[in-house]
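Next up, target-v2.json (JSON, C-alpha atoms and all ligand atoms):
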[["chain", "number", "residue", "atom", "x", "y", "z"],
["A", 1, "MET", "CA", 17.02, -56.73, -155.31],
["A", 2, "ILE", "CA", 15.48, -55.47, -158.53],
["A", 3, "ASP", "CA", 14.50, -58.06, -161.14],
["A", 4, "PHE", "CA", 14.99, -56.45, -164.54],
["A", 5, "HIS", "CA", 13.06, -59.03, -166.58],
["A", 6, "THR", "CA", 9.68, -60.65, -165.90],
["A", 7, "HIS", "CA", 6.46, -61.26, -167.83],
["A", 8, "LEU", "CA", 2.84, -61.40, -166.74],
["A", 9, "GLY", "CA", -0.34, -62.59, -168.35],
["A", 10, "ARG", "CA", -1.61, -65.47, -170.40],
["A", 11, "HIS", "CA", 0.78, -67.10, -172.78],
["A", 12, "GLY", "CA", 1.24, -70.34, -174.61],
["A", 13, "LYS", "CA", 0.24, -72.07, -177.78],
["A", 14, "SER", "CA", -1.77, -74.87, -176.16],
["A", 15, "ASN", "CA", -4.70, -74.96, -173.79],
["A", 16, "ASP", "CA", -2.78, -76.83, -171.11],
["A", 17, "VAL", "CA", -3.53, -74.37, -168.36],
["A", 18, "GLU", "CA", -0.87, -75.50, -165.92],
["A", 19, "ARG", "CA", 1.98, -75.25, -168.40],
["A", 20, "THR", "CA", 0.83, -72.29, -170.39],
["A", 21, "TYR", "CA", -1.17, -70.07, -168.16],
["A", 22, "GLY", "CA", 0.94, -67.06, -167.33],
["A", 23, "LEU", "CA", 1.37, -65.39, -164.00],
["A", 24, "GLU", "CA", -1.03, -62.97, -162.43],
["A", 25, "ALA", "CA", 0.43, -59.88, -160.78],
["A", 26, "PRO", "CA", -0.42, -61.00, -157.18],
["A", 27, "GLU", "CA", 1.31, -64.35, -157.74],
["A", 28, "LEU", "CA", 4.48, -62.64, -158.90],
["A", 29, "VAL", "CA", 4.44, -60.16, -156.01],
["A", 30, "CYS", "CA", 4.01, -63.01, -153.46],
["A", 31, "LYS", "CA", 7.01, -64.75, -154.96],
["A", 32, "MET", "CA", 9.03, -61.54, -154.98],
["A", 33, "ASP", "CA", 8.40, -61.28, -151.22],
["A", 34, "GLU", "CA", 9.71, -64.82, -150.76],
["A", 35, "TRP", "CA", 12.74, -64.23, -152.98],
["A", 36, "GLY", "CA", 13.60, -60.86, -151.44],
["A", 37, "ILE", "CA", 12.91, -58.90, -154.59],
["A", 38, "GLU", "CA", 11.79, -55.36, -153.99],
["A", 39, "LYS", "CA", 10.74, -54.40, -157.53],
["A", 40, "SER", "CA", 10.36, -56.13, -160.88],
["A", 41, "VAL", "CA", 10.35, -54.82, -164.42],
["A", 42, "VAL", "CA", 7.43, -56.29, -166.39],
["A", 43, "LEU", "CA", 7.92, -56.61, -170.14],
["A", 44, "PRO", "CA", 5.13, -56.90, -172.70],
["A", 45, "LEU", "CA", 5.65, -59.36, -175.55],
["A", 46, "CYS", "CA", 2.80, -59.47, -178.01],
["A", 47, "ASP", "CA", 3.10, -56.04, -179.60],
["A", 48, "SER", "CA", 5.48, -57.79, -182.00],
["A", 49, "PRO", "CA", 4.02, -60.62, -184.10],
["A", 50, "GLU", "CA", 6.77, -63.02, -182.96],
["A", 51, "GLY", "CA", 5.20, -62.85, -179.50],
["A", 52, "TRP", "CA", 1.64, -63.58, -180.57],
["A", 53, "TYR", "CA", 1.22, -66.39, -178.05],
["A", 54, "TYR", "CA", 2.28, -64.21, -175.13],
["A", 55, "ARG", "CA", -0.95, -62.38, -174.81],
["A", 56, "SER", "CA", 0.17, -59.32, -172.93],
["A", 57, "THR", "CA", 0.31, -55.96, -174.63],
["A", 58, "THR", "CA", 1.85, -52.81, -173.21],
["A", 59, "ASP", "CA", -1.61, -51.68, -172.13],
["A", 60, "ASP", "CA", -2.17, -55.00, -170.30],
["A", 61, "VAL", "CA", 1.18, -54.66, -168.56],
["A", 62, "ILE", "CA", 0.44, -51.11, -167.42],
["A", 63, "ALA", "CA", -2.86, -52.33, -165.95],
["A", 64, "TYR", "CA", -1.13, -55.20, -164.09],
["A", 65, "CYS", "CA", 1.55, -52.89, -162.73],
["A", 66, "ASN", "CA", -0.99, -50.29, -161.62],
["A", 67, "ARG", "CA", -2.24, -52.81, -159.04],
["A", 68, "PHE", "CA", 1.20, -52.83, -157.38],
["A", 69, "PRO", "CA", 2.74, -49.48, -158.27],
["A", 70, "ASP", "CA", 5.46, -49.75, -155.63],
["A", 71, "ARG", "CA", 6.54, -53.19, -156.78],
["A", 72, "LEU", "CA", 6.01, -53.57, -160.53],
["A", 73, "ILE", "CA", 7.48, -51.34, -163.24],
["A", 74, "PRO", "CA", 6.03, -51.45, -166.75],
["A", 75, "PHE", "CA", 8.08, -51.21, -169.94],
["A", 76, "VAL", "CA", 6.67, -50.30, -173.34],
["A", 77, "GLN", "CA", 6.98, -52.60, -176.34],
["A", 78, "LEU", "CA", 6.68, -50.99, -179.74],
["A", 79, "ASP", "CA", 7.85, -52.82, -182.86],
["A", 80, "PRO", "CA", 10.54, -51.42, -185.19],
["A", 81, "ARG", "CA", 8.21, -52.25, -188.12],
["A", 82, "TRP", "CA", 5.40, -50.08, -186.78],
["A", 83, "GLY", "CA", 4.39, -47.13, -188.88],
["A", 84, "ASP", "CA", 4.93, -47.91, -192.54],
["A", 85, "ASN", "CA", 7.51, -50.65, -192.00],
["A", 86, "SER", "CA", 9.97, -47.87, -192.65],
["A", 87, "PRO", "CA", 13.20, -46.64, -191.08],
["A", 88, "GLU", "CA", 11.64, -43.18, -190.94],
["A", 89, "THR", "CA", 8.85, -43.92, -188.47],
["A", 90, "ASP", "CA", 8.59, -41.30, -185.74],
["A", 91, "PHE", "CA", 8.12, -43.21, -182.46],
["A", 92, "SER", "CA", 8.57, -40.16, -180.25],
["A", 93, "GLY", "CA", 4.88, -39.42, -179.63],
["A", 94, "ALA", "CA", 4.00, -42.99, -178.67],
["A", 95, "LEU", "CA", 7.07, -43.37, -176.44],
["A", 96, "GLU", "CA", 6.28, -40.08, -174.70],
["A", 97, "GLU", "CA", 2.70, -41.16, -174.08],
["A", 98, "TYR", "CA", 3.78, -44.48, -172.54],
["A", 99, "LYS", "CA", 6.39, -42.71, -170.43],
["A", 100, "GLN", "CA", 3.68, -40.51, -169.03],
["A", 101, "ARG", "CA", 1.69, -43.65, -168.23],
["A", 102, "GLY", "CA", 4.56, -44.98, -166.12],
["A", 103, "CYS", "CA", 6.82, -46.93, -168.49],
["A", 104, "ARG", "CA", 10.48, -46.59, -167.50],
["A", 105, "GLY", "CA", 12.04, -48.54, -170.34],
["A", 106, "ALA", "CA", 11.34, -50.27, -173.62],
["A", 107, "GLY", "CA", 11.22, -53.96, -174.47],
["A", 108, "GLU", "CA", 11.36, -56.76, -174.70],
["A", 109, "VAL", "CA", 12.45, -56.28, -178.31],
["A", 110, "ILE", "CA", 11.74, -59.65, -179.92],
["A", 111, "ALA", "CA", 11.28, -58.58, -183.56],
["A", 112, "ASN", "CA", 13.20, -61.09, -185.67],
["A", 113, "LEU", "CA", 15.18, -58.51, -187.63],
["A", 114, "SER", "CA", 18.92, -57.94, -187.79],
["A", 115, "PHE", "CA", 20.43, -55.81, -185.05],
["A", 116, "ASP", "CA", 21.63, -53.39, -187.70],
["A", 117, "ASP", "CA", 18.42, -53.29, -189.74],
["A", 118, "PRO", "CA", 17.70, -49.59, -190.41],
["A", 119, "ARG", "CA", 14.25, -49.97, -188.81],
["A", 120, "VAL", "CA", 15.84, -51.34, -185.64],
["A", 121, "ILE", "CA", 18.44, -48.56, -185.56],
["A", 122, "ASN", "CA", 15.69, -45.96, -186.00],
["A", 123, "TYR", "CA", 13.59, -47.43, -183.19],
["A", 124, "MET", "CA", 16.55, -47.72, -180.84],
["A", 125, "GLN", "CA", 17.58, -44.12, -181.52],
["A", 126, "HIS", "CA", 14.08, -42.99, -180.60],
["A", 127, "CYS", "CA", 14.21, -44.97, -177.34],
["A", 128, "GLY", "CA", 17.53, -43.33, -176.51],
["A", 129, "ARG", "CA", 16.18, -39.84, -177.17],
["A", 130, "ALA", "CA", 13.22, -40.67, -174.91],
["A", 131, "GLY", "CA", 15.67, -41.72, -172.18],
["A", 132, "LEU", "CA", 14.35, -45.29, -172.10],
["A", 133, "PRO", "CA", 16.73, -48.23, -171.59],
["A", 134, "VAL", "CA", 15.87, -51.08, -173.95],
["A", 135, "VAL", "CA", 15.77, -54.82, -173.15],
["A", 136, "ILE", "CA", 16.49, -56.94, -176.21],
["A", 137, "HIS", "CA", 16.43, -60.67, -176.91],
["A", 138, "ALA", "CA", 19.28, -61.84, -179.13],
["A", 139, "ALA", "CA", 18.67, -64.64, -181.66],
["A", 140, "HIS", "CA", 21.09, -66.56, -183.86],
["A", 141, "ARG", "CA", 19.13, -66.41, -187.09],
["A", 142, "ILE", "CA", 16.33, -64.81, -189.08],
["A", 143, "GLY", "CA", 13.35, -67.13, -189.42],
["A", 144, "GLY", "CA", 12.29, -69.81, -186.97],
["A", 145, "ALA", "CA", 13.38, -67.58, -184.10],
["A", 146, "TYR", "CA", 12.37, -64.52, -182.14],
["A", 147, "GLY", "CA", 14.63, -61.66, -181.19],
["A", 148, "LEU", "CA", 17.14, -59.45, -182.95],
["A", 149, "ALA", "CA", 19.44, -61.61, -185.01],
["A", 150, "ASP", "CA", 23.20, -61.62, -185.31],
["A", 151, "ASP", "CA", 26.04, -63.66, -186.74],
["A", 152, "ALA", "CA", 28.73, -65.29, -184.65],
["A", 153, "GLY", "CA", 30.90, -62.57, -183.14],
["A", 154, "LEU", "CA", 28.01, -60.09, -182.88],
["A", 155, "PRO", "CA", 29.08, -57.69, -185.66],
["A", 156, "ARG", "CA", 25.53, -56.41, -186.12],
["A", 157, "LEU", "CA", 25.06, -55.65, -182.45],
["A", 158, "GLU", "CA", 28.31, -53.70, -182.60],
["A", 159, "ARG", "CA", 27.00, -51.61, -185.52],
["A", 160, "LEU", "CA", 23.81, -50.90, -183.56],
["A", 161, "LEU", "CA", 25.80, -49.84, -180.48],
["A", 162, "GLN", "CA", 27.74, -47.43, -182.69],
["A", 163, "ALA", "CA", 24.64, -46.12, -184.46],
["A", 164, "ALA", "CA", 22.69, -45.54, -181.23],
["A", 165, "PRO", "CA", 25.37, -44.43, -178.73],
["A", 166, "ASP", "CA", 22.86, -42.65, -176.52],
["A", 167, "THR", "CA", 20.62, -45.70, -176.13],
["A", 168, "VAL", "CA", 21.19, -48.08, -173.23],
["A", 169, "ILE", "CA", 20.85, -51.59, -174.66],
["A", 170, "CYS", "CA", 20.32, -54.40, -172.14],
["A", 171, "ALA", "CA", 21.11, -57.59, -174.01],
["A", 172, "HIS", "CA", 20.04, -61.11, -173.18],
["A", 173, "GLY", "CA", 19.25, -64.34, -174.96],
["A", 174, "PRO", "CA", 21.33, -67.25, -176.23],
["A", 175, "ALA", "CA", 23.03, -65.48, -179.16],
["A", 176, "PHE", "CA", 24.37, -62.83, -176.78],
["A", 177, "TRP", "CA", 25.30, -64.96, -173.80],
["A", 178, "SER", "CA", 27.00, -67.68, -175.86],
["A", 179, "GLU", "CA", 29.54, -64.99, -176.69],
["A", 180, "ILE", "CA", 30.73, -64.70, -173.11],
["A", 181, "SER", "CA", 33.37, -67.17, -174.30],
["A", 182, "SER", "CA", 35.81, -66.93, -177.18],
["A", 183, "ASN", "CA", 34.79, -70.43, -178.32],
["A", 184, "VAL", "CA", 31.38, -70.11, -179.96],
["A", 185, "PRO", "CA", 30.33, -73.33, -181.71],
["A", 186, "GLU", "CA", 27.87, -72.52, -184.52],
["A", 187, "GLU", "CA", 25.68, -75.51, -183.56],
["A", 188, "THR", "CA", 25.08, -74.30, -180.01],
["A", 189, "ARG", "CA", 25.38, -70.53, -180.16],
["A", 190, "GLY", "CA", 21.59, -70.24, -180.36],
["A", 191, "GLY", "CA", 21.25, -72.43, -177.28],
["A", 192, "TYR", "CA", 23.15, -73.32, -174.15],
["A", 193, "PRO", "CA", 26.76, -74.26, -174.83],
["A", 194, "THR", "CA", 28.17, -76.47, -172.10],
["A", 195, "GLU", "CA", 31.86, -76.30, -172.98],
["A", 196, "PRO", "CA", 33.99, -74.45, -170.42],
["A", 197, "VAL", "CA", 34.79, -70.83, -171.28],
["A", 198, "GLU", "CA", 38.13, -70.72, -173.12],
["A", 199, "GLY", "CA", 38.66, -66.99, -172.71],
["A", 200, "PRO", "CA", 36.74, -63.71, -172.72],
["A", 201, "GLY", "CA", 34.46, -63.59, -175.74],
["A", 202, "ARG", "CA", 32.91, -60.88, -177.85],
["A", 203, "ALA", "CA", 30.27, -60.06, -175.23],
["A", 204, "CYS", "CA", 33.14, -59.07, -172.92],
["A", 205, "GLU", "CA", 34.84, -57.07, -175.65],
["A", 206, "LEU", "CA", 31.65, -55.17, -176.47],
["A", 207, "LEU", "CA", 30.94, -54.45, -172.78],
["A", 208, "GLU", "CA", 34.49, -53.14, -172.52],
["A", 209, "THR", "CA", 34.18, -50.92, -175.59],
["A", 210, "TYR", "CA", 30.61, -49.58, -175.52],
["A", 211, "PRO", "CA", 29.34, -47.88, -172.36],
["A", 212, "ASN", "CA", 25.76, -48.11, -173.66],
["A", 213, "LEU", "CA", 25.75, -51.94, -173.51],
["A", 214, "TYR", "CA", 24.43, -53.74, -170.43],
["A", 215, "GLY", "CA", 23.98, -57.46, -169.79],
["A", 216, "ASP", "CA", 20.62, -58.78, -168.58],
["A", 217, "LEU", "CA", 21.51, -61.97, -166.69],
["A", 218, "SER", "CA", 18.07, -63.56, -166.97],
["A", 219, "ALA", "CA", 16.82, -66.90, -168.26],
["A", 220, "GLY", "CA", 18.63, -70.13, -169.02],
["A", 221, "SER", "CA", 21.04, -68.30, -171.29],
["A", 222, "GLY", "CA", 22.23, -65.85, -168.62],
["A", 223, "ALA", "CA", 22.51, -68.54, -165.95],
["A", 224, "ASN", "CA", 24.34, -70.88, -168.32],
["A", 225, "ALA", "CA", 26.86, -68.19, -169.26],
["A", 226, "LEU", "CA", 27.74, -67.61, -165.60],
["A", 227, "LYS", "CA", 27.84, -71.26, -164.60],
["A", 228, "ARG", "CA", 29.69, -72.97, -167.44],
["A", 229, "SER", "CA", 33.00, -71.99, -165.88],
["A", 230, "PRO", "CA", 32.19, -70.88, -162.33],
["A", 231, "GLU", "CA", 35.45, -69.02, -161.62],
["A", 232, "PHE", "CA", 35.21, -67.17, -164.91],
["A", 233, "GLY", "CA", 31.59, -66.27, -164.12],
["A", 234, "TRP", "CA", 32.57, -64.65, -160.81],
["A", 235, "GLU", "CA", 35.42, -62.74, -162.46],
["A", 236, "PHE", "CA", 33.04, -61.57, -165.19],
["A", 237, "LEU", "CA", 30.59, -60.25, -162.58],
["A", 238, "GLU", "CA", 33.38, -58.43, -160.76],
["A", 239, "ARG", "CA", 34.85, -56.95, -163.92],
["A", 240, "PHE", "CA", 31.57, -55.69, -165.38],
["A", 241, "GLN", "CA", 29.87, -54.89, -162.08],
["A", 242, "ASP", "CA", 28.68, -51.50, -163.35],
["A", 243, "ARG", "CA", 26.95, -52.95, -166.40],
["A", 244, "LEU", "CA", 25.18, -56.15, -165.35],
["A", 245, "LEU", "CA", 21.61, -56.58, -164.16],
["A", 246, "PHE", "CA", 20.09, -59.25, -161.95],
["A", 247, "ALA", "CA", 17.06, -60.56, -163.83],
["A", 248, "THR", "CA", 15.09, -63.79, -163.94],
["A", 249, "ASP", "CA", 12.67, -63.89, -166.93],
["A", 250, "THR", "CA", 10.03, -65.33, -164.58],
["A", 251, "MET", "CA", 6.89, -65.91, -166.62],
["A", 252, "ARG", "CA", 5.36, -69.33, -165.87],
["A", 253, "ARG", "CA", 3.67, -70.75, -162.83],
["A", 254, "THR", "CA", 5.96, -73.75, -163.03],
["A", 255, "MET", "CA", 8.91, -71.39, -162.56],
["A", 256, "LEU", "CA", 7.60, -70.34, -159.15],
["A", 257, "ARG", "CA", 8.31, -73.85, -157.90],
["A", 258, "GLY", "CA", 12.01, -73.40, -158.23],
["A", 259, "ASP", "CA", 12.87, -73.32, -161.90],
["A", 260, "VAL", "CA", 14.62, -69.92, -161.67],
["A", 261, "PRO", "CA", 18.37, -70.54, -161.44],
["A", 262, "GLN", "CA", 19.28, -66.92, -160.69],
["A", 263, "ILE", "CA", 17.73, -67.13, -157.21],
["A", 264, "ASP", "CA", 20.05, -69.86, -155.90],
["A", 265, "TYR", "CA", 22.97, -68.49, -157.88],
["A", 266, "PHE", "CA", 22.69, -65.03, -156.32],
["A", 267, "ALA", "CA", 22.15, -66.51, -152.83],
["A", 268, "ASP", "CA", 25.43, -68.39, -153.27],
["A", 269, "LEU", "CA", 27.22, -65.24, -154.46],
["A", 270, "ARG", "CA", 26.14, -63.41, -151.34],
["A", 271, "GLU", "CA", 26.44, -66.14, -148.74],
["A", 272, "ASN", "CA", 29.79, -67.44, -149.91],
["A", 273, "GLY", "CA", 31.36, -64.12, -150.81],
["A", 274, "ARG", "CA", 32.02, -65.12, -154.42],
["A", 275, "ILE", "CA", 32.18, -61.46, -155.47],
["A", 276, "SER", "CA", 32.74, -58.22, -153.58],
["A", 277, "GLU", "CA", 29.86, -56.69, -151.66],
["A", 278, "SER", "CA", 29.95, -53.61, -153.83],
["A", 279, "ALA", "CA", 29.73, -55.66, -157.03],
["A", 280, "TYR", "CA", 26.84, -57.64, -155.60],
["A", 281, "ALA", "CA", 24.96, -54.49, -154.60],
["A", 282, "LYS", "CA", 25.39, -52.93, -158.04],
["A", 283, "ILE", "CA", 24.32, -56.00, -159.99],
["A", 284, "ALA", "CA", 21.45, -56.95, -157.69],
["A", 285, "HIS", "CA", 20.06, -53.45, -157.29],
["A", 286, "ASP", "CA", 21.98, -50.26, -157.92],
["A", 287, "ASN", "CA", 22.56, -50.51, -161.69],
["A", 288, "ALA", "CA", 18.87, -51.18, -162.27],
["A", 289, "ALA", "CA", 17.84, -48.35, -159.96],
["A", 290, "ARG", "CA", 20.07, -45.98, -161.91],
["A", 291, "LEU", "CA", 18.70, -47.04, -165.31],
["A", 292, "LEU", "CA", 15.12, -46.88, -164.04],
["A", 293, "GLY", "CA", 15.60, -43.45, -162.46],
["A", 294, "LEU", "CA", 14.51, -44.71, -159.02],
["A", 301, "ZN", "ZN", 11.72, -62.36, -171.64]]

Mind turning this structure into structure tokens?
Ligand SMILES: [Zn+2]
Amino acid sequence: MIDFHTHLGRHGKSNDVERTYGLEAPELVCKMDEWGIEKSVVLPLCDSPEGWYYRSTTDDVIAYCNRFPDRLIPFVQLDPRWGDNSPETDFSGALEEYKQRGCRGAGEVIANLSFDDPRVINYMQHCGRAGLPVVIHAAHRIGGAYGLADDAGLPRLERLLQAAPDTVICAHGPAFWSEISSNVPEETRGGYPTEPVEGPGRACELLETYPNLYGDLSAGSGANALKRSPEFGWEFLERFQDRLLFATDTMRRTMLRGDVPQIDYFADLRENGRISESAYAKIAHDNAARLLGL
């Protein structure tokens, strides 16, 4: 398996070491061995101000990954506001430099700007030209949130997908995964809606329409989307088997004790034949390998 979404390094707003101290690279690799994960993507967070309390920069992440070059894959995080906070910033030189230093993708994009903000479109277009897939976190509002923001129905994400057709966008986060269903209550679309899925939502429609959109199944939001109506979740995996990525968002020591729902969920998929073997292989490994150029 390839885990498309993890974080390493110190994070947290308090000094409670047990709850806030992030993972070290050897701890993650030990756990990957136990979970049967061959490689993990490691995403920096604090090159955007919204991630100030996740104290791992791109340079930190490259250093962590260099200790386990066969197991850990660094991504580069630049911020769409870098440069002169302008939609004209040329990111190509920086992206090229980080590619040469081993980064195989960009993200996690957590800037709290609209998906269709001209600065975001500019940055995403540069990532596409550099051949870097981008992991983004989707938020439901501007202010008091992190991640690219959208309204219900994801109209701004759709404009971004149209404006950056050559950029692979791997979406995750509550505001994206709530839209797996056609019923999207405003009160819970930034969280974890528990209502059963009524029918395919906008996330399905966008995956159907835009070949540059992928779904990163990590975190509570990804797990919740798949589990709220189990049968629908399995059909969704089968239908979009070429465009979904196994991912966990592992980042805390407490998570190593079992708080990573994707591990049991994927074991059940495999052991109980919930989806076809080919779909499982693509989602657990092959799609990620293709995007990462492995
Ligand atoms: Zn993350």

Contacts to ligand ZN 301 (chain A) at 9 Å cut-off (all atoms listed in the file) as an mmCIF file with C-alpha atoms, keeping the file's coordinate frame:
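What landed in part-v7.cif:
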data_model
loop_
_atom_site.group_PDB
_atom_site.id
_atom_site.type_symbol
_atom_site.label_atom_id
_atom_site.label_comp_id
_atom_site.auth_asym_id
_atom_site.auth_seq_id
_atom_site.Cartn_x
_atom_site.Cartn_y
_atom_site.Cartn_z
ATOM 1 C CA HIS A 5 13.060 -59.030 -166.580
ATOM 2 C CA THR A 6 9.680 -60.650 -165.900
ATOM 3 C CA HIS A 7 6.460 -61.260 -167.830
ATOM 4 C CA LEU A 43 7.920 -56.610 -170.140
ATOM 5 C CA PRO A 44 5.130 -56.900 -172.700
ATOM 6 C CA LEU A 45 5.650 -59.360 -175.550
ATOM 7 C CA GLY A 107 11.220 -53.960 -174.470
ATOM 8 C CA GLU A 108 11.360 -56.760 -174.700
ATOM 9 C CA ILE A 110 11.740 -59.650 -179.920
ATOM 10 C CA VAL A 135 15.770 -54.820 -173.150
ATOM 11 C CA ILE A 136 16.490 -56.940 -176.210
ATOM 12 C CA HIS A 137 16.430 -60.670 -176.910
ATOM 13 C CA HIS A 172 20.040 -61.110 -173.180
ATOM 14 C CA GLY A 173 19.250 -64.340 -174.960
ATOM 15 C CA SER A 218 18.070 -63.560 -166.970
ATOM 16 C CA ALA A 219 16.820 -66.900 -168.260
ATOM 17 C CA THR A 248 15.090 -63.790 -163.940
ATOM 18 C CA ASP A 249 12.670 -63.890 -166.930
ATOM 19 C CA THR A 250 10.030 -65.330 -164.580
ATOM 20 C CA MET A 251 6.890 -65.910 -166.620
#

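Across A:Ala139, A:Glu235, A:Arg290, A:Arg274, the tightest approach to Ser221 in chain A is made by A:Ala139 when counting only C-alpha atoms.
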
*Any idea what the distance is between CA of Phe246 in chain A and CA of Tyr192 in chain A?*
18.9 Å

_What's around Gly144 in chain A at 12 Å? Count only C-alpha atoms, leave out sequence neighbours fewer than 2 positions away in its own chain, and write the answer as a ChimeraX atom specification._
/A:50,111-113,139-142,146-147,149,190

*Looking at A:Asn183, A:Leu217, A:Lys282, A:Gly102, which one is nearest to Ile263 in chain A, with distances taken over only C-alpha atoms?*
A:Leu217

*asked:* Neighbouring residues of Ala288 in chain A were defined as those with any atom within 9 Å, considering only C-alpha atoms; residues of the same chain fewer than 2 positions away were excluded. Please report them as a PyMOL selection string.
replied: chain A and resi 2-4+244-246+282-286+290-294

Completed range 35-54 of chain A (N, CA and C atoms) as a PDB file, keeping the file's coordinate frame:
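Output file rebuild12.pdb follows:
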ATOM      1  N   TRP A  35      11.395 -64.264-152.416  1.00  0.00           N
ATOM      2  CA  TRP A  35      12.740 -64.230-152.980  1.00  0.00           C
ATOM      3  C   TRP A  35      13.531 -62.995-152.545  1.00  0.00           C
ATOM      4  N   GLY A  36      12.888 -62.071-151.852  1.00  0.00           N
ATOM      5  CA  GLY A  36      13.600 -60.860-151.440  1.00  0.00           C
ATOM      6  C   GLY A  36      13.778 -59.846-152.557  1.00  0.00           C
ATOM      7  N   ILE A  37      12.842 -59.844-153.469  1.00  0.00           N
ATOM      8  CA  ILE A  37      12.910 -58.900-154.590  1.00  0.00           C
ATOM      9  C   ILE A  37      11.955 -57.741-154.326  1.00  0.00           C
ATOM     10  N   GLU A  38      12.540 -56.570-154.344  1.00  0.00           N
ATOM     11  CA  GLU A  38      11.790 -55.360-153.990  1.00  0.00           C
ATOM     12  C   GLU A  38      10.903 -54.910-155.149  1.00  0.00           C
ATOM     13  N   LYS A  39      11.491 -54.866-156.352  1.00  0.00           N
ATOM     14  CA  LYS A  39      10.740 -54.400-157.530  1.00  0.00           C
ATOM     15  C   LYS A  39      11.093 -55.267-158.730  1.00  0.00           C
ATOM     16  N   SER A  40      10.111 -55.394-159.629  1.00  0.00           N
ATOM     17  CA  SER A  40      10.360 -56.130-160.880  1.00  0.00           C
ATOM     18  C   SER A  40       9.927 -55.306-162.075  1.00  0.00           C
ATOM     19  N   VAL A  41      10.722 -55.377-163.116  1.00  0.00           N
ATOM     20  CA  VAL A  41      10.350 -54.820-164.420  1.00  0.00           C
ATOM     21  C   VAL A  41       9.454 -55.853-165.113  1.00  0.00           C
ATOM     22  N   VAL A  42       8.327 -55.391-165.664  1.00  0.00           N
ATOM     23  CA  VAL A  42       7.430 -56.290-166.390  1.00  0.00           C
ATOM     24  C   VAL A  42       7.421 -55.886-167.873  1.00  0.00           C
ATOM     25  N   LEU A  43       7.739 -56.872-168.705  1.00  0.00           N
ATOM     26  CA  LEU A  43       7.920 -56.610-170.140  1.00  0.00           C
ATOM     27  C   LEU A  43       6.777 -57.190-170.955  1.00  0.00           C
ATOM     28  N   PRO A  44       6.128 -56.366-171.769  1.00  0.00           N
ATOM     29  CA  PRO A  44       5.130 -56.900-172.700  1.00  0.00           C
ATOM     30  C   PRO A  44       5.811 -57.690-173.813  1.00  0.00           C
ATOM     31  N   LEU A  45       5.058 -58.545-174.488  1.00  0.00           N
ATOM     32  CA  LEU A  45       5.650 -59.360-175.550  1.00  0.00           C
ATOM     33  C   LEU A  45       4.851 -59.360-176.850  1.00  0.00           C
ATOM     34  N   CYS A  46       3.553 -59.168-176.784  1.00  0.00           N
ATOM     35  CA  CYS A  46       2.800 -59.470-178.010  1.00  0.00           C
ATOM     36  C   CYS A  46       2.503 -58.249-178.877  1.00  0.00           C
ATOM     37  N   ASP A  47       3.215 -57.140-178.647  1.00  0.00           N
ATOM     38  CA  ASP A  47       3.100 -56.040-179.600  1.00  0.00           C
ATOM     39  C   ASP A  47       3.999 -56.257-180.815  1.00  0.00           C
ATOM     40  N   SER A  48       4.779 -57.331-180.793  1.00  0.00           N
ATOM     41  CA  SER A  48       5.480 -57.790-182.000  1.00  0.00           C
ATOM     42  C   SER A  48       4.845 -59.124-182.395  1.00  0.00           C
ATOM     43  N   PRO A  49       4.698 -59.385-183.697  1.00  0.00           N
ATOM     44  CA  PRO A  49       4.020 -60.620-184.100  1.00  0.00           C
ATOM     45  C   PRO A  49       4.726 -61.886-183.631  1.00  0.00           C
ATOM     46  N   GLU A  50       6.040 -61.832-183.439  1.00  0.00           N
ATOM     47  CA  GLU A  50       6.770 -63.020-182.960  1.00  0.00           C
ATOM     48  C   GLU A  50       6.269 -63.446-181.581  1.00  0.00           C
ATOM     49  N   GLY A  51       5.658 -62.523-180.852  1.00  0.00           N
ATOM     50  CA  GLY A  51       5.200 -62.850-179.500  1.00  0.00           C
ATOM     51  C   GLY A  51       3.705 -63.079-179.417  1.00  0.00           C
ATOM     52  N   TRP A  52       3.094 -63.488-180.510  1.00  0.00           N
ATOM     53  CA  TRP A  52       1.640 -63.580-180.570  1.00  0.00           C
ATOM     54  C   TRP A  52       1.041 -64.451-179.470  1.00  0.00           C
ATOM     55  N   TYR A  53       1.799 -65.464-179.037  1.00  0.00           N
ATOM     56  CA  TYR A  53       1.220 -66.390-178.050  1.00  0.00           C
ATOM     57  C   TYR A  53       1.490 -65.946-176.614  1.00  0.00           C
ATOM     58  N   TYR A  54       2.180 -64.823-176.462  1.00  0.00           N
ATOM     59  CA  TYR A  54       2.280 -64.210-175.130  1.00  0.00           C
ATOM     60  C   TYR A  54       1.261 -63.076-175.137  1.00  0.00           C
TER      61      TYR A  54
END
